[in-house]
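Heads up, the thing below is written out as structure tokens.
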Amino acid sequence: MALTDDAIAKIRSMIQSGELPPGTRLPPEPQLAAQMGLSRSGVREAVKVLESARVLDVRRGDGTYVTSLAPRLLLQGLGVAVELLRDDTLLEVMEVRRMLEPMATGLAALRMTDADLDELGQILQDMRAAAGDAEKLIQFDAAFHHTVVATTGNETLTSLLDGLSGRTLRARVWRGLIEGNAAHQTIEEHHTIYLALRARDQLLAQASALLHVNTSEAWLRTVLGATSSDR
């Protein structure tokens with residue numbers, strides 16, 4: 001493991017220094033190992049780790065390349081990690097989302113195009129039509145929030161929030177809302193966000209998003225509390 005860690009650190013340093021910029025093909029394994037003064041097995045394992053982290057792209061029969069290093073690629077694993085978190089930690093995720101999403105929504109109010117708003121309006125209609133279907137609501141809810149945050153043009157922020165709002169988290173919230181007959185209330189909160197965005201009102205959009213995340217967090221606490229009491 002120590003040799004693998006050394007190899008990871010050296011490859012990462014080469015990428016950070018610009019010696020191996022995005023899209024660059026790595027030297028063949030024997031050459032790379034000799035260049036770094038490490039064993040081939042250590043380099044081989046390091047490449048596997050960095051491939052899993054989306055830093056390297058191993059193309060069979062062609063070679064190993066540095067990926068684009070785009071945030072959406074490197075942060076892809078965040079969503080997988082969130083799906084594996086335990087109940088108490090999911091509430092911490094909601095807390096982080098509460099810090100980020102309202103600010104992102106406020107920024108979106110200044111940057112959304114009319115076409116973006118039309119797309120968001122259609123998603124909102126789809127949510128209303130699926131008010132009693134948790135699976136469809138999960139899909140449309142994800143699309144709504146992704147569309148809003150993506151219009152900020154900040155790919156890192158979009159990737160972070162996509163990862164923090166994984167399917168498991170959405171499923172627990174929406175099933176709790178439907179069982180508690182509160183799904184329509186939450187859909188109306190989405191409508192309020194949409195109206196604030198349509199008005200290009202940054203502060204109102206920010207406040208509306210904060211209210212919505214607070215509602216989701218409260219219902220998640222309710223759902224998790226009910227689960228704990230059943231054990």
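Letters A, B, ... mark the chains of the structure tokens in the order given; residue numbers begin at 1 per chain; ligand numbers begin at 1, in order shown.
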
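Of all the residues in chain A, the ones DSSP labels as strand (DSSP E or B) from the backbone are Arg25, Leu56, Asp57, Val58, Arg59, Gly63, Thr64, Tyr65 and Val66 of chain A.
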
Let's have the selection written as a tab-separated table (two decimals), in the first residue's frame, with C-alpha atoms.
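Once written, again-v4.tsv looks like this:
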chain	number	residue	atom	x	y	z
A	25	ARG	CA	-1.21	9.85	-22.63
A	56	LEU	CA	-7.15	8.42	-15.47
A	57	ASP	CA	-8.85	6.71	-18.38
A	58	VAL	CA	-7.43	3.29	-19.25
A	59	ARG	CA	-8.17	2.47	-22.89
A	63	GLY	CA	-2.94	3.40	-23.41
A	64	THR	CA	-3.72	5.35	-20.28
A	65	TYR	CA	-4.78	8.98	-20.50
A	66	VAL	CA	-5.39	11.81	-18.08

Would you pick out the contacts of segment 141-153 of chain A at 6 Å or less, using only C-alpha atoms, so that residues sharing its chain but fewer than 2 positions from it are not included, and give the list as a PDB file with all heavy atoms, in the first residue's frame?
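File part.pdb, as written:
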ATOM      1  N   ALA A 104     -27.120  29.131  -4.472  1.00  0.00           N
ATOM      2  CA  ALA A 104     -27.089  28.775  -5.888  1.00  0.00           C
ATOM      3  C   ALA A 104     -28.365  29.204  -6.587  1.00  0.00           C
ATOM      4  O   ALA A 104     -28.340  29.693  -7.725  1.00  0.00           O
ATOM      5  CB  ALA A 104     -26.892  27.261  -6.028  1.00  0.00           C
ATOM      6  N   ALA A 108     -28.881  31.741  -9.689  1.00  0.00           N
ATOM      7  CA  ALA A 108     -29.590  31.316 -10.900  1.00  0.00           C
ATOM      8  C   ALA A 108     -30.619  32.348 -11.334  1.00  0.00           C
ATOM      9  O   ALA A 108     -30.873  32.524 -12.535  1.00  0.00           O
ATOM     10  CB  ALA A 108     -30.268  29.968 -10.661  1.00  0.00           C
ATOM     11  N   MET A 112     -30.524  32.782 -15.363  1.00  0.00           N
ATOM     12  CA  MET A 112     -31.380  31.908 -16.157  1.00  0.00           C
ATOM     13  C   MET A 112     -31.897  32.623 -17.393  1.00  0.00           C
ATOM     14  O   MET A 112     -32.255  33.795 -17.343  1.00  0.00           O
ATOM     15  CB  MET A 112     -32.571  31.416 -15.323  1.00  0.00           C
ATOM     16  CG  MET A 112     -32.204  30.461 -14.215  1.00  0.00           C
ATOM     17  SD  MET A 112     -33.655  29.704 -13.422  1.00  0.00           S
ATOM     18  CE  MET A 112     -33.921  28.303 -14.530  1.00  0.00           C
ATOM     19  N   LEU A 137     -41.846  11.537  -8.951  1.00  0.00           N
ATOM     20  CA  LEU A 137     -41.507  12.781  -8.256  1.00  0.00           C
ATOM     21  C   LEU A 137     -40.013  12.880  -7.981  1.00  0.00           C
ATOM     22  O   LEU A 137     -39.427  13.959  -8.075  1.00  0.00           O
ATOM     23  CB  LEU A 137     -42.290  12.887  -6.948  1.00  0.00           C
ATOM     24  CG  LEU A 137     -43.733  13.363  -7.091  1.00  0.00           C
ATOM     25  CD1 LEU A 137     -44.485  13.195  -5.777  1.00  0.00           C
ATOM     26  CD2 LEU A 137     -43.781  14.815  -7.546  1.00  0.00           C
ATOM     27  N   ILE A 138     -39.404  11.758  -7.651  1.00  0.00           N
ATOM     28  CA  ILE A 138     -37.950  11.744  -7.431  1.00  0.00           C
ATOM     29  C   ILE A 138     -37.238  12.193  -8.700  1.00  0.00           C
ATOM     30  O   ILE A 138     -36.321  13.013  -8.671  1.00  0.00           O
ATOM     31  CB  ILE A 138     -37.488  10.329  -7.024  1.00  0.00           C
ATOM     32  CG1 ILE A 138     -38.035   9.963  -5.639  1.00  0.00           C
ATOM     33  CG2 ILE A 138     -35.964  10.238  -7.017  1.00  0.00           C
ATOM     34  CD1 ILE A 138     -37.944   8.486  -5.327  1.00  0.00           C
ATOM     35  N   GLN A 139     -37.694  11.660  -9.827  1.00  0.00           N
ATOM     36  CA  GLN A 139     -37.080  12.000 -11.122  1.00  0.00           C
ATOM     37  C   GLN A 139     -37.259  13.474 -11.465  1.00  0.00           C
ATOM     38  O   GLN A 139     -36.299  14.164 -11.841  1.00  0.00           O
ATOM     39  CB  GLN A 139     -37.729  11.126 -12.201  1.00  0.00           C
ATOM     40  CG  GLN A 139     -37.290  11.449 -13.616  1.00  0.00           C
ATOM     41  CD  GLN A 139     -38.086  10.665 -14.661  1.00  0.00           C
ATOM     42  OE1 GLN A 139     -38.698   9.646 -14.347  1.00  0.00           O
ATOM     43  NE2 GLN A 139     -38.095  11.157 -15.888  1.00  0.00           N
ATOM     44  N   THR A 158     -22.694  22.668  -9.314  1.00  0.00           N
ATOM     45  CA  THR A 158     -23.718  21.769  -9.844  1.00  0.00           C
ATOM     46  C   THR A 158     -23.401  20.320  -9.500  1.00  0.00           C
ATOM     47  O   THR A 158     -24.274  19.563  -9.053  1.00  0.00           O
ATOM     48  CB  THR A 158     -23.843  21.916 -11.372  1.00  0.00           C
ATOM     49  OG1 THR A 158     -24.124  23.278 -11.694  1.00  0.00           O
ATOM     50  CG2 THR A 158     -24.953  21.035 -11.918  1.00  0.00           C
TER      51      THR A 158
END

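Using only C-alpha atoms, the nearest neighbour of Val213 of chain A within the list A:Thr24, A:Thr105, A:Gln31, A:Ser13 is A:Thr105.
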
Nearest candidate to Asp116 of chain A (options A:Pro28, A:Ala53, A:Ser39, A:Arg198; using only C-alpha atoms): A:Arg198

Apply DSSP to the structure's backbone, then extract all residues of chain A labelled alpha helix (DSSP H) and return them as a PyMOL selection string. chain A and resi 2-17+29-36+40-52+71-74+76-83+87-111+114-129+134-150+155-164+167-179+183-198+202-230

Considering only C-alpha atoms, return as number ranges by chain whatever protein or nucleic-acid residues lie within 8 Å of Glu217 of chain A, sequence-local ones (same chain, fewer than 4 positions apart) excluded. A: 91, 94-95, 173, 213, 221

If you keep N, CA, C and O atoms, can you produce a file of those selected residues as a PDB file, in the first residue's frame?
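Full text of result-v4.pdb as output:
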ATOM      1  N   LEU A  91     -28.635  13.510   7.614  1.00  0.00           N
ATOM      2  CA  LEU A  91     -29.074  14.813   8.116  1.00  0.00           C
ATOM      3  C   LEU A  91     -27.944  15.841   8.000  1.00  0.00           C
ATOM      4  O   LEU A  91     -28.199  17.025   7.773  1.00  0.00           O
ATOM      5  N   MET A  94     -28.062  17.057   4.494  1.00  0.00           N
ATOM      6  CA  MET A  94     -29.116  18.055   4.322  1.00  0.00           C
ATOM      7  C   MET A  94     -28.661  19.419   4.832  1.00  0.00           C
ATOM      8  O   MET A  94     -29.001  20.460   4.263  1.00  0.00           O
ATOM      9  N   GLU A  95     -27.878  19.413   5.887  1.00  0.00           N
ATOM     10  CA  GLU A  95     -27.377  20.668   6.442  1.00  0.00           C
ATOM     11  C   GLU A  95     -26.439  21.358   5.451  1.00  0.00           C
ATOM     12  O   GLU A  95     -26.503  22.582   5.255  1.00  0.00           O
ATOM     13  N   VAL A 173     -37.298  11.414   1.487  1.00  0.00           N
ATOM     14  CA  VAL A 173     -38.069  12.644   1.683  1.00  0.00           C
ATOM     15  C   VAL A 173     -39.431  12.542   1.005  1.00  0.00           C
ATOM     16  O   VAL A 173     -40.478  12.798   1.618  1.00  0.00           O
ATOM     17  N   VAL A 213     -35.720  23.690   1.333  1.00  0.00           N
ATOM     18  CA  VAL A 213     -34.754  22.748   1.894  1.00  0.00           C
ATOM     19  C   VAL A 213     -35.079  22.475   3.359  1.00  0.00           C
ATOM     20  O   VAL A 213     -34.959  21.335   3.828  1.00  0.00           O
ATOM     21  N   ARG A 221     -36.216  14.199   8.897  1.00  0.00           N
ATOM     22  CA  ARG A 221     -36.117  13.907  10.334  1.00  0.00           C
ATOM     23  C   ARG A 221     -37.315  13.084  10.797  1.00  0.00           C
ATOM     24  O   ARG A 221     -37.187  12.156  11.605  1.00  0.00           O
TER      25      ARG A 221
END

If we count only C-alpha atoms, what is near Ala171 of chain A at a cut-off of 9 Å, once residues fewer than 2 positions away on the same chain are taken out, given as number ranges by chain? A: 134-135, 137-138, 166-169, 173-176

Next, the residues of the selection above should be written as a PDB file, in the first residue's frame with N, CA and C atoms.
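And here is the file that came out, part11.pdb:
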ATOM      1  N   ALA A 134     -44.257   8.501  -6.092  1.00  0.00           N
ATOM      2  CA  ALA A 134     -42.952   8.843  -5.517  1.00  0.00           C
ATOM      3  C   ALA A 134     -41.817   8.691  -6.516  1.00  0.00           C
ATOM      4  N   GLU A 135     -41.848   7.626  -7.303  1.00  0.00           N
ATOM      5  CA  GLU A 135     -40.754   7.377  -8.243  1.00  0.00           C
ATOM      6  C   GLU A 135     -40.641   8.485  -9.283  1.00  0.00           C
ATOM      7  N   LEU A 137     -41.846  11.537  -8.951  1.00  0.00           N
ATOM      8  CA  LEU A 137     -41.507  12.781  -8.256  1.00  0.00           C
ATOM      9  C   LEU A 137     -40.013  12.880  -7.981  1.00  0.00           C
ATOM     10  N   ILE A 138     -39.404  11.758  -7.651  1.00  0.00           N
ATOM     11  CA  ILE A 138     -37.950  11.744  -7.431  1.00  0.00           C
ATOM     12  C   ILE A 138     -37.238  12.193  -8.700  1.00  0.00           C
ATOM     13  N   GLY A 166     -28.728  12.804  -3.634  1.00  0.00           N
ATOM     14  CA  GLY A 166     -28.828  11.500  -4.272  1.00  0.00           C
ATOM     15  C   GLY A 166     -30.219  10.902  -4.230  1.00  0.00           C
ATOM     16  N   ARG A 167     -30.384   9.820  -4.959  1.00  0.00           N
ATOM     17  CA  ARG A 167     -31.687   9.167  -5.092  1.00  0.00           C
ATOM     18  C   ARG A 167     -32.218   8.666  -3.748  1.00  0.00           C
ATOM     19  N   THR A 168     -31.345   8.087  -2.923  1.00  0.00           N
ATOM     20  CA  THR A 168     -31.785   7.568  -1.627  1.00  0.00           C
ATOM     21  C   THR A 168     -32.359   8.679  -0.759  1.00  0.00           C
ATOM     22  N   LEU A 169     -31.664   9.814  -0.742  1.00  0.00           N
ATOM     23  CA  LEU A 169     -32.116  10.945   0.061  1.00  0.00           C
ATOM     24  C   LEU A 169     -33.447  11.467  -0.451  1.00  0.00           C
ATOM     25  N   VAL A 173     -37.298  11.414   1.487  1.00  0.00           N
ATOM     26  CA  VAL A 173     -38.069  12.644   1.683  1.00  0.00           C
ATOM     27  C   VAL A 173     -39.431  12.542   1.005  1.00  0.00           C
ATOM     28  N   TRP A 174     -39.439  12.146  -0.288  1.00  0.00           N
ATOM     29  CA  TRP A 174     -40.700  12.126  -1.034  1.00  0.00           C
ATOM     30  C   TRP A 174     -41.670  11.079  -0.516  1.00  0.00           C
ATOM     31  N   ARG A 175     -41.182   9.934  -0.097  1.00  0.00           N
ATOM     32  CA  ARG A 175     -42.100   8.932   0.445  1.00  0.00           C
ATOM     33  C   ARG A 175     -42.705   9.419   1.746  1.00  0.00           C
ATOM     34  N   GLY A 176     -41.889  10.135   2.535  1.00  0.00           N
ATOM     35  CA  GLY A 176     -42.424  10.710   3.763  1.00  0.00           C
ATOM     36  C   GLY A 176     -43.462  11.780   3.486  1.00  0.00           C
TER      37      GLY A 176
END

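Straight-line separation from atom CA of Asp114 of chain A to atom CA of Ala196 of chain A: 13.4 Å.
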
Please compute the atom CA of Gly23 of chain A-atom CA of Ser68 of chain A distance, one decimal, in Å. 6.1 Å

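Candidate residues A:Val43, A:Asp62, A:Leu69, A:Thr113 were compared for distance to Ile15 of chain A, and the nearest is A:Leu69, using only C-alpha atoms.
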
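Residue nearest Met127 of chain A, chosen from A:Arg170, A:Arg44, A:His190, A:His212 and counting only C-alpha atoms: A:His190.
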